[in-house]
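One structure is given here, and the rest of the page talks about it.
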Amino acid sequence: MLDTHFVRNNLELVKKKVEAKGVPFADDRFVAMDLRRRRVLAASEELKSRKNKLAKETGYLKRSGAGTHDLEQQSVELSKQIAESEQELAALEAEFQEFLLGIPNLFHDSVPVGHDATANEVVREWGEKPAFDFAPKPHWELGEAAGTLDFARAAKVAGSRFAVYYDGLARLERALLQFMLDVHTGAHGYREVLPPFLVNDASLVGTGNLPKFKADLFKVEGYNLYLTPTAEVPLTNLHRDETLDEERLPVKYAAFTPCFRSEAGSHGKDIRGLVRLHQFDKVELMKFAAPDRSYLELEELTADAEDILRRLGLPFRTVVLCSGDMSFSSAKTYDIEVWMPARAGYLEISSCSNFESFQARRARIKYKGRDGRKDFVHTLNGSGLAIGRTVAAIMENNQTSEGRVRVPDALRPYMAGYERI
């Protein structure tokens, strides 16, 4: 959420940046709502001030033995007016807060301005794309032919956009989970966390998933609980309503969770294979950082995610997203895209973002500086990595002409002797 005073004093800038994200901004509505609530607040405070003065005058008259009936009647009338004013103010505040929650974060000045992914900028590439002396197959064909990937039975059990893994491929998913957590905790210094896989609505409001993206979530009927769309949600909310000491920053967490998304609005996109499922596994990286270091932390977090692909020998490129291709909450995002031979193109496998104080303001997460002053922390997160997509990338980049898949060297200690699947 954006700071009200900042929006009020920078309306033109806010409108320009919000609309560059592809979201209309009703600045006239903001001004009208803000003015109305401030007027009602001022009137309410004036009524309370009058009642306080009246109470003092009544007390003085009582002590002097004079009658106070008229003053007491005035006090009763003022109390009614104050109650009505506070009721009106509560309704205005709720409407105003709902409006503020619908305003996306402003993007950093280093972000390229553009309408869609065509304006994204490649910042680096790594690895040599594999050359095959045969036509490479997509991962779903490899898995189905080998009997290690089953979408038909998954659909029987749960519906479309689910998958069943068998044998070595199931072990590969488990190996990747362990490998990623070992690298991030051992080499990159993150603290491992195993959070709840269900989250309440306050947690989703804190990260910006609610109220705007309710259609993307799976809600548990009869409970104020949702299946977590990503570990970003529980990890961010570990420190909701808390104040961290600056000496603790950055706080760095790594967590595995299954993730559940309805993929509303994605009909027709990547409907084959492991790319866009309703349920998938992911290792998430999360940081709470001091504002003056958060963009350095973003570079390091992105490098940590890239390191997994380097260790696995998977070619990738990193792009900075333009304003129109960014998420609702992000101030700057790097997408890491892995090479997929069957599509002869790249696939996003991680998004690494700095949200600045946007999420922290919604979740009320502050830090106490060395000078004793308090301010909102900056939050950052990124996939380290999406495991299903990593499985797909390994399958396509390491396939053989016989339809088998070579296990990357870095994973073999986790694979109980498997060299090929």
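Chain lettering (A, B, ...) mirrors the order of the structure tokens, residue numbering begins at 1 for each chain separately, and ligand numbering begins at 1 in order of display.
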* Please provide the set of residues having any atom within 9 Å of range 278-286 of chain A, restricted to only C-alpha atoms, with same-chain residues fewer than 5 positions apart removed, written as a PyMOL selection string. => chain A and resi 160-163+173+177+180-181+184+190+229-232+235-236+251-263+301+304-305+352+379-389
Grab the residues selected above and save them as a compact mmCIF listing (two decimals), in the first residue's frame with N, CA and C atoms.
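File produced: out-v3.txt:
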# COMPACT_ATOMS: atom_id res chain seq x y z
N SER A 160 -8.26 -31.15 -14.69
CA SER A 160 -7.18 -30.71 -15.57
C SER A 160 -6.15 -29.88 -14.81
N ARG A 161 -4.99 -29.77 -15.40
CA ARG A 161 -3.86 -28.99 -14.87
C ARG A 161 -3.33 -29.56 -13.55
N PHE A 162 -3.27 -30.86 -13.49
CA PHE A 162 -2.57 -31.56 -12.41
C PHE A 162 -1.72 -32.65 -13.06
N ALA A 163 -0.72 -33.14 -12.32
CA ALA A 163 0.18 -34.16 -12.86
C ALA A 163 0.50 -35.19 -11.79
N GLU A 173 12.06 -34.68 -8.61
CA GLU A 173 11.37 -33.56 -7.95
C GLU A 173 11.83 -33.44 -6.50
N LEU A 177 14.15 -30.35 -4.63
CA LEU A 177 13.75 -29.67 -3.40
C LEU A 177 14.88 -29.66 -2.39
N MET A 180 18.02 -27.56 -3.70
CA MET A 180 17.84 -26.11 -3.64
C MET A 180 17.94 -25.58 -2.22
N LEU A 181 17.29 -26.26 -1.28
CA LEU A 181 17.36 -25.82 0.11
C LEU A 181 18.78 -25.93 0.65
N HIS A 184 20.81 -22.95 -0.83
CA HIS A 184 20.42 -21.64 -0.30
C HIS A 184 20.75 -21.47 1.17
N TYR A 190 20.68 -18.41 3.84
CA TYR A 190 19.28 -18.25 4.20
C TYR A 190 18.93 -19.18 5.36
N PRO A 229 -0.70 -19.52 -2.26
CA PRO A 229 -0.31 -19.43 -3.66
C PRO A 229 1.20 -19.46 -3.86
N THR A 230 1.93 -19.15 -2.80
CA THR A 230 3.39 -19.13 -2.81
C THR A 230 3.86 -18.94 -1.38
N ALA A 231 5.07 -19.42 -1.06
CA ALA A 231 5.60 -19.26 0.29
C ALA A 231 5.86 -17.81 0.65
N GLU A 232 5.86 -16.93 -0.35
CA GLU A 232 5.98 -15.49 -0.08
C GLU A 232 4.96 -15.05 0.96
N LEU A 235 5.79 -16.41 4.62
CA LEU A 235 7.09 -15.88 5.05
C LEU A 235 7.01 -14.39 5.35
N THR A 236 6.35 -13.62 4.49
CA THR A 236 6.20 -12.19 4.74
C THR A 236 5.48 -11.94 6.04
N VAL A 251 17.03 -9.99 7.15
CA VAL A 251 16.54 -11.30 7.55
C VAL A 251 16.29 -12.09 6.27
N LYS A 252 16.86 -13.29 6.17
CA LYS A 252 16.81 -14.07 4.93
C LYS A 252 16.21 -15.45 5.22
N TYR A 253 15.11 -15.76 4.54
CA TYR A 253 14.44 -17.03 4.72
C TYR A 253 14.38 -17.79 3.39
N ALA A 254 14.47 -19.12 3.49
CA ALA A 254 14.23 -20.00 2.35
C ALA A 254 13.23 -21.05 2.79
N ALA A 255 12.22 -21.29 1.96
CA ALA A 255 11.17 -22.23 2.35
C ALA A 255 10.66 -22.99 1.15
N PHE A 256 10.35 -24.26 1.39
CA PHE A 256 9.62 -25.06 0.41
C PHE A 256 8.15 -25.06 0.77
N THR A 257 7.29 -24.88 -0.22
CA THR A 257 5.86 -25.16 -0.05
C THR A 257 5.30 -25.67 -1.37
N PRO A 258 4.26 -26.49 -1.30
CA PRO A 258 3.43 -26.64 -2.49
C PRO A 258 2.68 -25.34 -2.70
N CYS A 259 2.38 -25.00 -3.93
CA CYS A 259 1.69 -23.75 -4.25
C CYS A 259 0.42 -24.08 -5.03
N PHE A 260 -0.62 -23.32 -4.77
CA PHE A 260 -1.92 -23.60 -5.38
C PHE A 260 -2.47 -22.32 -6.01
N ARG A 261 -2.75 -22.38 -7.30
CA ARG A 261 -3.26 -21.20 -8.01
C ARG A 261 -4.33 -21.64 -9.01
N SER A 262 -5.38 -20.85 -9.08
CA SER A 262 -6.45 -21.18 -10.02
C SER A 262 -6.07 -20.81 -11.44
N GLU A 263 -5.03 -19.97 -11.60
CA GLU A 263 -4.60 -19.50 -12.92
C GLU A 263 -5.76 -18.85 -13.67
N LEU A 301 19.89 -11.52 -4.26
CA LEU A 301 18.84 -12.54 -4.29
C LEU A 301 18.70 -13.13 -5.69
N ASP A 304 21.48 -15.45 -6.34
CA ASP A 304 21.30 -16.72 -5.62
C ASP A 304 20.39 -17.66 -6.41
N ALA A 305 19.32 -17.11 -6.99
CA ALA A 305 18.42 -17.94 -7.80
C ALA A 305 19.13 -18.42 -9.07
N CYS A 352 12.24 -12.36 -9.35
CA CYS A 352 12.89 -11.82 -8.15
C CYS A 352 12.54 -10.34 -8.04
N THR A 379 10.63 -5.34 1.64
CA THR A 379 10.54 -6.78 1.48
C THR A 379 10.91 -7.16 0.05
N LEU A 380 11.56 -8.33 -0.07
CA LEU A 380 11.99 -8.85 -1.36
C LEU A 380 11.73 -10.35 -1.39
N ASN A 381 11.44 -10.88 -2.55
CA ASN A 381 11.38 -12.33 -2.66
C ASN A 381 11.62 -12.77 -4.09
N GLY A 382 11.87 -14.07 -4.22
CA GLY A 382 12.07 -14.65 -5.55
C GLY A 382 12.01 -16.16 -5.47
N SER A 383 11.65 -16.78 -6.57
CA SER A 383 11.63 -18.24 -6.63
C SER A 383 13.05 -18.75 -6.71
N GLY A 384 13.32 -19.78 -5.90
CA GLY A 384 14.68 -20.26 -5.93
C GLY A 384 14.87 -21.76 -6.10
N LEU A 385 14.10 -22.50 -6.90
CA LEU A 385 13.30 -22.08 -8.05
C LEU A 385 11.94 -22.75 -8.02
N ALA A 386 11.14 -22.51 -9.08
CA ALA A 386 9.91 -23.28 -9.30
C ALA A 386 10.32 -24.69 -9.72
N ILE A 387 9.97 -25.69 -8.91
CA ILE A 387 10.55 -27.02 -9.08
C ILE A 387 9.99 -27.73 -10.31
N GLY A 388 8.69 -27.65 -10.54
CA GLY A 388 8.12 -28.31 -11.70
C GLY A 388 8.72 -27.81 -13.00
N ARG A 389 8.89 -26.52 -13.11
CA ARG A 389 9.50 -25.96 -14.32
C ARG A 389 10.97 -26.36 -14.43
* Excluding Val233 in chain A and residues on its chain fewer than 6 positions from it, collect all residues at most 8 Å away from it, counting only C-alpha atoms, and give them as a list of chain:residue names. =>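 Result of the neighbour search: A:Val199, A:Ser203, A:Leu204, A:Gly206, A:Thr207.
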* Filtered DSSP result for range 184-361 of chain A, state alpha helix (DSSP H), as a ChimeraX atom specification -> /A:184-186,201-207,232-237,294-312,358-361
* To do: Using only C-alpha atoms, determine which residues lie at most 9 Å from Lys137 in chain A, disregarding the query and same-chain residues fewer than 4 positions distant; provide the list as a PyMOL selection string.
  => chain A and resi 141-142+341-342+396+399+403
* **Residues within 10 Å of range 96-107 of chain A, only C-alpha atoms, excluding chain neighbours under 4 positions, as a PyMOL selection string** => chain A and resi 1-4+7+13-26+29-30+33-34+37+90-92+111-113+205-206+208+210-212+322-324+326-333+354-359+362
* Asked: What is the distance, in Å and to one decimal place, between CA of Val31 in chain A and CA of Phe6 in chain A?
  ->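 One can read the CA of Val31 in chain A to CA of Phe6 in chain A distance as 12.7 Å.
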